[in-house]
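So this one's entry.cif, mmCIF, C-alpha atoms:
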data_structure
#
loop_
_atom_site.label_atom_id
_atom_site.label_comp_id
_atom_site.auth_asym_id
_atom_site.auth_seq_id
_atom_site.Cartn_x
_atom_site.Cartn_y
_atom_site.Cartn_z
CA MET A 1 5.77 -110.10 -29.46
CA ARG A 2 8.66 -109.78 -31.90
CA ARG A 3 8.37 -112.16 -34.89
CA PRO A 4 11.66 -113.91 -36.02
CA VAL A 5 12.24 -113.02 -39.68
CA ALA A 6 15.10 -115.37 -40.70
CA PRO A 7 13.35 -118.64 -39.77
CA VAL A 8 10.31 -117.55 -41.74
CA LEU A 9 12.40 -116.93 -44.86
CA ALA A 10 14.34 -120.18 -44.44
CA GLY A 11 11.23 -122.25 -44.02
CA ALA A 12 9.58 -120.63 -47.02
CA SER A 13 12.65 -121.18 -49.19
CA THR A 14 12.75 -124.85 -48.24
CA LEU A 15 9.11 -125.25 -49.14
CA LEU A 16 9.57 -123.53 -52.49
CA GLY A 17 12.64 -125.64 -53.24
CA THR A 18 10.63 -128.75 -52.68
CA LEU A 19 7.81 -127.57 -54.89
CA VAL A 20 9.80 -126.26 -57.86
CA GLY A 21 12.81 -128.57 -57.73
CA LEU A 22 15.12 -125.74 -56.69
CA ASN A 23 14.81 -124.00 -60.08
CA PRO A 24 16.87 -120.76 -59.61
CA LEU A 25 14.84 -118.80 -62.17
CA ILE A 26 11.75 -119.22 -60.02
CA LEU A 27 13.38 -119.26 -56.60
CA ILE A 28 15.34 -115.95 -56.91
CA PRO A 29 12.36 -113.63 -57.57
CA THR A 30 10.30 -115.56 -55.09
CA ALA A 31 13.03 -115.13 -52.48
CA ILE A 32 13.08 -111.42 -53.25
CA LEU A 33 9.33 -111.25 -52.63
CA LEU A 34 9.70 -113.23 -49.41
CA LEU A 35 12.54 -110.96 -48.31
CA ALA A 36 10.40 -107.90 -48.97
CA ALA A 37 7.53 -109.45 -47.04
CA GLY A 38 9.86 -110.31 -44.20
CA LEU A 39 11.31 -106.83 -44.07
CA THR A 40 7.79 -105.38 -44.10
CA ALA A 41 6.83 -107.64 -41.22
CA HIS A 42 10.01 -106.70 -39.39
CA SER A 43 9.37 -102.98 -39.92
CA ARG A 44 5.82 -103.38 -38.66
CA ASP A 45 7.15 -105.25 -35.64
CA VAL A 46 9.64 -102.46 -34.90
CA TRP A 47 6.88 -99.84 -35.30
CA LEU A 48 4.55 -101.73 -32.97
CA ARG A 49 7.26 -102.05 -30.33
CA HIS A 50 7.99 -98.34 -30.70
CA GLU A 51 4.30 -97.50 -30.22
CA GLU A 52 4.15 -99.75 -27.16
CA SER A 53 7.23 -98.01 -25.77
CA VAL A 54 5.69 -94.57 -26.43
CA LYS A 55 2.44 -95.61 -24.74
CA ALA A 56 4.32 -97.02 -21.77
CA THR A 57 6.39 -93.85 -21.49
CA SER A 58 3.28 -91.66 -21.77
CA ALA A 59 1.48 -93.73 -19.14
CA ALA A 60 4.50 -93.47 -16.83
CA GLN A 61 4.69 -89.71 -17.39
CA ALA A 62 0.95 -89.32 -16.76
CA LYS A 63 1.24 -91.37 -13.56
CA ALA A 64 4.24 -89.31 -12.45
CA ALA A 65 2.32 -86.09 -13.17
CA LEU A 66 -0.69 -87.31 -11.16
CA GLU A 67 1.54 -88.34 -8.28
CA ALA A 68 3.33 -84.98 -8.39
CA ALA A 69 -0.01 -83.12 -8.41
CA ALA A 70 -1.32 -85.23 -5.52
CA THR A 71 1.88 -84.62 -3.57
CA ALA A 72 1.64 -80.88 -4.22
CA ASP A 73 -2.00 -80.89 -3.05
CA LEU A 74 -1.04 -82.72 0.15
CA GLU A 75 1.84 -80.35 0.78
CA GLN A 76 -0.44 -77.36 0.23
CA LEU A 77 -3.06 -78.88 2.53
CA ALA A 78 -0.42 -79.45 5.19
CA ALA A 79 0.84 -75.88 4.76
CA ASP A 80 -2.71 -74.50 5.02
CA HIS A 81 -3.40 -76.47 8.18
CA SER A 82 -0.04 -75.42 9.61
CA GLN A 83 -0.92 -71.77 8.94
CA PHE A 84 -4.36 -72.35 10.45
CA ALA A 85 -2.78 -73.85 13.56
CA ASP A 86 -0.21 -71.04 13.85
CA VAL A 87 -2.76 -68.23 13.48
CA PHE A 88 -5.43 -69.60 15.76
CA THR A 89 -3.05 -70.97 18.39
CA GLU A 90 -1.90 -67.38 18.81
CA LEU A 91 -5.53 -66.27 18.93
CA VAL A 92 -6.29 -68.77 21.70
CA ARG A 93 -3.26 -67.59 23.67
CA ASN A 94 -4.57 -64.04 23.53
CA VAL A 95 -8.02 -65.21 24.65
CA ALA A 96 -6.42 -66.97 27.61
CA ASP A 97 -4.99 -63.63 28.76
CA MET A 98 -8.33 -61.78 28.65
CA PRO A 99 -9.66 -62.95 32.05
CA ASP A 100 -6.73 -61.19 33.73
CA LYS A 101 -7.66 -57.83 32.19
CA GLY A 102 -10.14 -55.13 33.07
CA LYS A 103 -13.28 -54.44 31.03
CA ALA A 104 -11.75 -51.65 28.92
CA ASP A 105 -8.77 -53.79 27.98
CA ARG A 106 -11.01 -56.75 27.20
CA ALA A 107 -13.09 -54.53 24.90
CA ALA A 108 -9.93 -53.42 23.09
CA ASP A 109 -8.77 -57.04 22.77
CA PHE A 110 -12.19 -57.99 21.41
CA GLY A 111 -11.93 -55.65 18.41
CA ARG A 112 -8.31 -56.61 17.74
CA LEU A 113 -8.87 -60.35 17.92
CA VAL A 114 -12.00 -60.28 15.75
CA LYS A 115 -10.06 -58.35 13.11
CA GLN A 116 -7.24 -60.88 13.36
CA ALA A 117 -9.71 -63.75 12.85
CA VAL A 118 -11.48 -62.37 9.76
CA SER A 119 -8.19 -61.23 8.22
CA ALA A 120 -6.67 -64.69 8.68
CA ILE A 121 -9.71 -66.38 7.14
CA ALA A 122 -9.84 -64.13 4.06
CA TRP A 123 -6.17 -63.39 3.40
CA LEU A 124 -4.40 -66.47 4.68
CA LEU A 125 -6.58 -69.55 4.96
CA HIS A 126 -8.66 -68.81 1.84
CA ALA A 127 -6.28 -66.63 -0.14
CA ASP A 128 -6.70 -68.97 -3.13
CA ILE A 129 -10.45 -68.29 -3.38
CA VAL A 130 -11.21 -65.28 -5.58
CA GLY A 131 -13.32 -62.66 -3.84
CA VAL A 132 -13.73 -64.56 -0.58
CA ARG A 133 -15.21 -62.52 2.27
CA ALA A 134 -15.27 -63.22 6.02
CA VAL A 135 -17.65 -61.36 8.34
CA VAL A 136 -18.31 -61.42 12.08
CA TYR A 137 -21.75 -60.24 13.24
CA GLN A 138 -22.94 -59.56 16.78
CA VAL A 139 -26.47 -59.31 18.15
CA SER A 140 -27.31 -55.73 19.09
CA ASP A 141 -28.06 -54.79 22.69
CA ASP A 142 -31.77 -54.43 21.90
CA ASP A 143 -31.80 -57.76 20.02
CA SER A 144 -33.28 -56.10 16.92
CA ARG A 145 -30.41 -56.75 14.54
CA MET A 146 -27.05 -58.35 13.97
CA GLU A 147 -24.43 -55.71 13.33
CA VAL A 148 -21.12 -56.11 11.54
CA VAL A 149 -18.22 -56.20 14.01
CA ASP A 150 -15.51 -56.53 11.37
CA TRP A 151 -14.91 -58.07 7.97
CA ALA A 152 -12.18 -58.78 5.43
CA ALA A 153 -12.33 -59.68 1.75
CA GLY A 154 -10.09 -60.61 -1.13
CA ASN A 155 -10.30 -58.32 -4.17
CA HIS A 156 -13.05 -55.71 -4.15
CA ARG A 157 -16.23 -56.75 -2.36
CA ALA A 158 -19.11 -54.66 -1.12
CA ALA A 159 -19.31 -54.02 2.60
CA PRO A 160 -21.64 -56.47 4.38
CA GLN A 161 -24.97 -55.20 5.67
CA PRO A 162 -26.57 -55.90 9.06
CA PHE A 163 -29.29 -58.48 9.55
CA ILE A 164 -32.52 -56.76 10.60
CA ARG A 165 -35.28 -58.62 12.44
CA GLY A 166 -38.59 -58.54 10.59
CA THR A 167 -36.92 -58.78 7.16
CA ASP A 168 -36.63 -62.03 5.26
CA ARG A 169 -32.84 -61.90 5.31
CA GLY A 170 -32.66 -60.92 8.97
CA ASP A 171 -35.14 -63.54 10.15
CA LYS A 172 -33.14 -66.24 8.37
CA ALA A 173 -29.98 -65.14 10.16
CA PHE A 174 -31.63 -65.15 13.58
CA ALA A 175 -33.16 -68.56 12.83
CA THR A 176 -29.67 -69.91 12.06
CA LEU A 177 -28.35 -68.52 15.34
CA ARG A 178 -31.25 -70.08 17.29
CA ALA A 179 -30.76 -73.45 15.59
CA GLY A 180 -27.13 -73.50 16.74
CA GLU A 181 -25.96 -75.36 13.63
CA SER A 182 -23.70 -74.21 10.83
CA LEU A 183 -25.19 -73.80 7.37
CA PHE A 184 -23.24 -74.54 4.18
CA VAL A 185 -24.71 -73.67 0.78
CA ASP A 186 -22.32 -74.50 -2.06
CA ASP A 187 -24.57 -73.14 -4.81
CA ILE A 188 -27.30 -70.65 -3.94
CA SER A 189 -29.14 -71.30 -7.21
CA LYS A 190 -29.63 -74.93 -6.14
CA ALA A 191 -30.28 -74.20 -2.48
CA PRO A 192 -33.53 -74.92 -0.66
CA GLU A 193 -36.19 -72.32 -1.41
CA GLN A 194 -35.66 -70.39 1.82
CA TRP A 195 -32.05 -69.67 0.84
CA ALA A 196 -32.26 -69.40 -2.94
CA GLY A 197 -31.44 -65.96 -4.24
CA SER A 198 -30.19 -64.63 -0.91
CA GLY A 199 -26.71 -63.81 -2.19
CA ASP A 200 -25.64 -60.27 -3.00
CA GLY A 201 -22.33 -60.55 -4.85
CA TYR A 202 -21.77 -64.15 -3.79
CA ASN A 203 -23.02 -67.58 -4.86
CA THR A 204 -21.75 -69.82 -2.07
CA PHE A 205 -21.53 -69.30 1.68
CA ILE A 206 -20.98 -70.85 5.09
CA THR A 207 -22.60 -69.42 8.22
CA THR A 208 -21.91 -70.73 11.69
CA PRO A 209 -23.24 -69.45 15.02
CA ILE A 210 -20.97 -67.78 17.55
CA ALA A 211 -22.57 -69.03 20.73
CA SER A 212 -22.10 -70.56 24.15
CA PRO A 213 -24.47 -73.23 25.46
CA THR A 214 -26.70 -70.47 26.85
CA VAL A 215 -26.02 -67.31 24.82
CA GLY A 216 -26.11 -66.61 21.09
CA TYR A 217 -23.62 -63.83 20.38
CA GLY A 218 -23.72 -63.60 16.60
CA LEU A 219 -22.62 -65.25 13.36
CA LEU A 220 -19.40 -65.94 11.49
CA THR A 221 -19.98 -66.03 7.73
CA VAL A 222 -17.70 -66.72 4.77
CA ASP A 223 -18.91 -66.27 1.20
CA ALA A 224 -17.46 -66.20 -2.32
CA PRO A 225 -18.65 -65.32 -5.83
CA GLU A 226 -17.74 -68.69 -7.35
CA THR A 227 -19.97 -71.68 -6.65
CA ASP A 228 -18.39 -74.78 -5.07
CA SER A 229 -15.27 -72.85 -4.07
CA LEU A 230 -15.91 -73.62 -0.39
CA THR A 231 -15.84 -77.13 1.06
CA GLU A 232 -17.01 -79.14 4.07
CA ASP A 233 -13.46 -78.89 5.44
CA ASP A 234 -13.88 -75.11 5.40
CA GLU A 235 -17.12 -75.51 7.32
CA ASN A 236 -15.37 -77.59 9.99
CA ASP A 237 -12.56 -75.03 10.26
CA LEU A 238 -15.06 -72.18 10.64
CA ARG A 239 -16.92 -74.00 13.39
CA LEU A 240 -13.65 -74.17 15.29
CA VAL A 241 -12.98 -70.46 14.71
CA ALA A 242 -16.53 -69.65 15.81
CA GLY A 243 -15.88 -71.54 19.05
CA ILE A 244 -12.81 -69.39 19.70
CA LEU A 245 -14.79 -66.26 18.86
CA ALA A 246 -17.49 -67.32 21.35
CA MET A 247 -14.86 -67.21 24.11
CA ILE A 248 -13.79 -63.75 22.93
CA PHE A 249 -17.41 -62.55 22.97
CA ALA A 250 -17.97 -64.03 26.44
CA GLU A 251 -14.94 -62.21 27.81
CA LYS A 252 -16.02 -58.95 26.22
CA HIS A 253 -19.49 -59.20 27.80
CA ARG A 254 -18.28 -60.37 31.20
CA ARG A 255 -19.12 -57.71 33.78
CA SER A 256 -16.83 -58.80 36.57
CA PRO A 257 -13.35 -57.25 36.79
CA GLY A 258 -10.34 -59.15 35.55
CA ARG A 259 -8.68 -61.65 37.85
CA ALA A 260 -5.66 -59.36 38.24
CA ALA A 261 -7.96 -56.57 39.47
CA ALA A 262 -9.87 -58.75 41.96
CA PRO A 263 -8.89 -58.28 45.62
CA SER A 264 -6.77 -61.05 47.09
CA ALA A 265 -8.21 -63.25 49.80
#
Serialized structure, structure tokens:
Amino acid sequence: MRRPVAPVLAGASTLLGTLVGLNPLILIPTAILLLAAGLTAHSRDVWLRHEESVKATSAAQAKAALEAAATADLEQLAADHSQFADVFTELVRNVADMPDKGKADRAADFGRLVKQAVSAIAWLLHADIVGVRAVVYQVSDDDSRMEVVDWAAGNHRAAPQPFIRGTDRGDKAFATLRAGESLFVDDISKAPEQWAGSGDGYNTFITTPIASPTVGYGLLTVDAPETDSLTEDDENDLRLVAGILAMIFAEKHRRSPGRAAAPSA
């Protein structure tokens, strides 16, 4: 609170006048001292108010910066989800057309749509994650391995390798497919023992089964070199993508001709 200077000086002068009988020789230097003290107090008061103003301004600027950052994050999140919706709505539309096609055309669509999915995950949805890699695996005809169907990666990443039954890495993959649940490991070094040290060029990953209620087709995996760069939201998104991919796999493996090729009743 600002302290009034003039009343302080007036009151002090009155007191001194009473005590010394208004002797000018004593009162003048005393008044000078009181004036100096008053000016010092006033200067300190001005300085304190200035500091309070600076703090208030800094706090307001910090709040504005936080609000701007939060707004930018929300806008980016909305943009990401809009891109996600655009890409995978188109993917679903293409899947809806597959039943009308013959087996050869469905096989061609399968490769194209899988490539579209992994490319969208790596280069669009997770373009901000350095070195992110998306891979789609399918179970081989003899059920001995999971082979790479297609993959995409940001920056330079090594090509993914198949999962082979009878190896530690392969048995883990098949166990994940059998369990039917997605697996998210945000830091391999802190993962349960069965997953610790499984990364080759990556330190975090999400794996989710591509499966129908009765058939396990393969796995969709996303990994990245930097720990904690993937989130639970990413896991939920990938589960949705895996569901779309399951429909694509089912159409590829369907033996009956397309509806357009079926004879009319």
Counting only C-alpha atoms, give me one row per residue of region 189-261 of chain A with an atom at most 12 Å from an atom of region 158-164 of chain A, showing the shortest contact pair and its distance in Å to one decimal, sorted by chain then residue number, as JSON lines.
{"residue": "A:Gly199", "atom": "CA", "partner": "A:Pro160", "partner_atom": "CA", "distance": 11.1}
{"residue": "A:Asp200", "atom": "CA", "partner": "A:Ala158", "partner_atom": "CA", "distance": 8.8}
{"residue": "A:Gly201", "atom": "CA", "partner": "A:Ala158", "partner_atom": "CA", "distance": 7.7}
{"residue": "A:Tyr202", "atom": "CA", "partner": "A:Ala158", "partner_atom": "CA", "distance": 10.2}
{"residue": "A:Gly218", "atom": "CA", "partner": "A:Phe163", "partner_atom": "CA", "distance": 10.3}
{"residue": "A:Leu219", "atom": "CA", "partner": "A:Phe163", "partner_atom": "CA", "distance": 10.2}
{"residue": "A:Thr221", "atom": "CA", "partner": "A:Pro160", "partner_atom": "CA", "distance": 10.3}
{"residue": "A:Val222", "atom": "CA", "partner": "A:Pro160", "partner_atom": "CA", "distance": 11.0}
{"residue": "A:Asp223", "atom": "CA", "partner": "A:Pro160", "partner_atom": "CA", "distance": 10.7}
{"residue": "A:Ala224", "atom": "CA", "partner": "A:Ala158", "partner_atom": "CA", "distance": 11.7}
{"residue": "A:Pro225", "atom": "CA", "partner": "A:Ala158", "partner_atom": "CA", "distance": 11.7}
Can you list, as a PDB file with C-alpha atoms, in the coordinates of the input, every protein, DNA or RNA residue that comes within 8 Å of region 165-174 of chain A when you count all atoms listed in the file, leaving out same-chain residues fewer than 3 positions away?
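Printed below is selection_33.pdb as written:
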ATOM      1  CA  SER A 144     -33.280 -56.100  16.920  1.00  0.00           C
ATOM      2  CA  ARG A 145     -30.410 -56.750  14.540  1.00  0.00           C
ATOM      3  CA  MET A 146     -27.050 -58.350  13.970  1.00  0.00           C
ATOM      4  CA  PRO A 162     -26.570 -55.900   9.060  1.00  0.00           C
ATOM      5  CA  LEU A 177     -28.350 -68.520  15.340  1.00  0.00           C
ATOM      6  CA  ARG A 178     -31.250 -70.080  17.290  1.00  0.00           C
ATOM      7  CA  SER A 198     -30.190 -64.630  -0.910  1.00  0.00           C
TER       8      SER A 198
END
Q. CA of Asp234 (chain A) and CA of Ser212 (chain A), how far apart in Å?
A. 21.0 Å
Give me, as a tab-separated table, each residue of region 121-175 of chain A that comes within 12 Å of region 253-256 of chain A, together with its shortest interatomic pair and the distance in Å at one decimal, counting only C-alpha atoms, with rows ordered by chain and rising residue number.
residue	atom	partner	partner_atom	distance
A:Gln138	CA	A:His253	CA	11.6
A:Val139	CA	A:His253	CA	11.9
A:Asp141	CA	A:His253	CA	10.9
Please produce an output containing C-alpha atoms for each residue in the selection, written as a PDB file, keeping the file's coordinate frame.
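Written out: part31.pdb:
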ATOM      1  CA  GLN A 138     -22.940 -59.560  16.780  1.00  0.00           C
ATOM      2  CA  VAL A 139     -26.470 -59.310  18.150  1.00  0.00           C
ATOM      3  CA  ASP A 141     -28.060 -54.790  22.690  1.00  0.00           C
TER       4      ASP A 141
END
Q) Using all atoms listed in the file, which of A:Val114, A:Pro209, A:Thr57, A:Glu226 sits nearest Val148 (chain A)? A)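 Distance minimum relative to Val148 (chain A) lands on A:Val114.
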Q) Counting only C-alpha atoms, what is within 9 Å of Ala107 (chain A), bar same-chain residues fewer than 5 positions away, as number ranges by chain? A) A: 102, 112, 251-253
Q) On this structure, which residues satisfy the PyMOL selection byres ((chain A and resi 119-124) around 9), written as an MDAnalysis selection string? A) chainID A and resid 80 83:84 87:88 114:118 125:129 131:134 151:154 222 238
If the box runs along x, y and z of the file and leaves 4 Å on each side of region 240-250 of chain A, what are its centre and edge lengths in Å, one decimal, as JSON?
{"center_x": -15.4, "center_y": -68.4, "center_z": 20.6, "size_x": 13.2, "size_y": 19.6, "size_z": 19.7}
Q) Written as a list of chain:residue names, which residues does the PyMOL selection byres ((chain A and resi 248) around 9) give for the file shown? A)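 This file, filtered by the PyMOL selection byres ((chain A and resi 248) around 9), leaves A:Val95, A:Met98, A:Arg106, A:Asp109, A:Phe110, A:Leu113, A:Val114, A:Gly243, A:Ile244, A:Leu245, A:Ala246, A:Met247, A:Phe249, A:Ala250, A:Glu251, A:Lys252, A:His253.
Of note, CA of Ala191 (chain A) and CA of Asn236 (chain A) are spaced 19.7 Å apart.
The two atoms in question, CA of Asp86 (chain A) and CA of Val130 (chain A), are spaced 23.1 Å apart.
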Q) So which one's closest to Thr207 (chain A), A:Ser189, A:Ser182, A:Asn155, A:Thr231? Using all atoms listed in the file, please. A) A:Ser182
Q) Of the candidates A:Ile206, A:Ala211, A:Ala60, A:Val92, which shows the shortest atom-to-atom distance to Gly180 (chain A), using only C-alpha atoms? A)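 With only C-alpha atoms as the atom set, the closest residue is A:Ala211.
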**Q.** Residue among A:Ala242, A:Ala96, A:Val185, A:Val135 lying closest to Leu230 (chain A), counting all atoms listed in the file
**A.** A:Val185
Q: Expand the PyMOL selection byres ((chain A and resi 227) around 6) into the individual residues it matches in the shown file, reporting them as a ChimeraX atom specification.
A: /A:186-187,203-204,226,228-229
Could you write region 141-170 of chain A as a tab-separated table (two decimals), in the frame of the given file, with N, CA and C atoms rebuilt where they are missing?
chain	number	residue	atom	x	y	z
A	141	ASP	N	-27.60	-54.79	21.29
A	141	ASP	CA	-28.06	-54.79	22.69
A	141	ASP	C	-29.57	-54.92	22.80
A	142	ASP	N	-30.31	-54.35	21.84
A	142	ASP	CA	-31.77	-54.43	21.90
A	142	ASP	C	-32.32	-55.64	21.15
A	143	ASP	N	-31.42	-56.49	20.67
A	143	ASP	CA	-31.80	-57.76	20.02
A	143	ASP	C	-32.60	-57.56	18.73
A	144	SER	N	-32.49	-56.38	18.12
A	144	SER	CA	-33.28	-56.10	16.92
A	144	SER	C	-32.52	-56.38	15.62
A	145	ARG	N	-31.23	-56.57	15.74
A	145	ARG	CA	-30.41	-56.75	14.54
A	145	ARG	C	-29.10	-57.46	14.88
A	146	MET	N	-28.43	-57.90	13.83
A	146	MET	CA	-27.05	-58.35	13.97
A	146	MET	C	-26.18	-57.37	13.20
A	147	GLU	N	-25.28	-56.72	13.93
A	147	GLU	CA	-24.43	-55.71	13.33
A	147	GLU	C	-23.07	-56.29	12.95
A	148	VAL	N	-22.45	-55.68	11.96
A	148	VAL	CA	-21.12	-56.11	11.54
A	148	VAL	C	-20.09	-55.62	12.56
A	149	VAL	N	-19.33	-56.56	13.11
A	149	VAL	CA	-18.22	-56.20	14.01
A	149	VAL	C	-16.99	-55.86	13.18
A	150	ASP	N	-16.65	-56.76	12.26
A	150	ASP	CA	-15.51	-56.53	11.37
A	150	ASP	C	-15.61	-57.51	10.21
A	151	TRP	N	-14.89	-57.20	9.14
A	151	TRP	CA	-14.91	-58.07	7.97
A	151	TRP	C	-13.64	-57.86	7.17
A	152	ALA	N	-13.33	-58.86	6.33
A	152	ALA	CA	-12.18	-58.78	5.43
A	152	ALA	C	-12.54	-59.52	4.16
A	153	ALA	N	-11.99	-59.07	3.04
A	153	ALA	CA	-12.33	-59.68	1.75
A	153	ALA	C	-11.15	-59.61	0.80
A	154	GLY	N	-11.05	-60.64	-0.05
A	154	GLY	CA	-10.09	-60.61	-1.13
A	154	GLY	C	-10.69	-59.86	-2.31
A	155	ASN	N	-9.85	-59.16	-3.05
A	155	ASN	CA	-10.30	-58.32	-4.17
A	155	ASN	C	-11.26	-57.24	-3.66
A	156	HIS	N	-12.13	-56.77	-4.54
A	156	HIS	CA	-13.05	-55.71	-4.15
A	156	HIS	C	-14.44	-56.31	-3.93
A	157	ARG	N	-14.90	-56.27	-2.71
A	157	ARG	CA	-16.23	-56.75	-2.36
A	157	ARG	C	-16.98	-55.65	-1.63
A	158	ALA	N	-18.28	-55.65	-1.81
A	158	ALA	CA	-19.11	-54.66	-1.12
A	158	ALA	C	-19.10	-54.93	0.37
A	159	ALA	N	-19.25	-53.88	1.15
A	159	ALA	CA	-19.31	-54.02	2.60
A	159	ALA	C	-20.56	-54.80	2.99
A	160	PRO	N	-20.46	-55.71	3.95
A	160	PRO	CA	-21.64	-56.47	4.38
A	160	PRO	C	-22.64	-55.58	5.10
A	161	GLN	N	-23.89	-55.96	5.04
A	161	GLN	CA	-24.97	-55.20	5.67
A	161	GLN	C	-25.48	-55.94	6.90
A	162	PRO	N	-26.04	-55.23	7.86
A	162	PRO	CA	-26.57	-55.90	9.06
A	162	PRO	C	-27.79	-56.75	8.74
A	163	PHE	N	-28.07	-57.68	9.64
A	163	PHE	CA	-29.29	-58.48	9.55
A	163	PHE	C	-30.34	-57.82	10.45
A	164	ILE	N	-31.47	-57.46	9.87
A	164	ILE	CA	-32.52	-56.76	10.60
A	164	ILE	C	-33.70	-57.70	10.86
A	165	ARG	N	-34.09	-57.82	12.12
A	165	ARG	CA	-35.28	-58.62	12.44
A	165	ARG	C	-36.49	-58.06	11.71
A	166	GLY	N	-37.39	-58.96	11.29
A	166	GLY	CA	-38.59	-58.54	10.59
A	166	GLY	C	-38.42	-58.50	9.08
A	167	THR	N	-37.16	-58.65	8.60
A	167	THR	CA	-36.92	-58.78	7.16
A	167	THR	C	-36.64	-60.25	6.86
A	168	ASP	N	-36.85	-60.63	5.62
A	168	ASP	CA	-36.63	-62.03	5.26
A	168	ASP	C	-35.19	-62.44	5.54
A	169	ARG	N	-34.26	-61.60	5.11
A	169	ARG	CA	-32.84	-61.90	5.31
A	169	ARG	C	-32.47	-61.95	6.79
A	170	GLY	N	-32.97	-60.97	7.54
A	170	GLY	CA	-32.66	-60.92	8.97
A	170	GLY	C	-33.25	-62.08	9.74
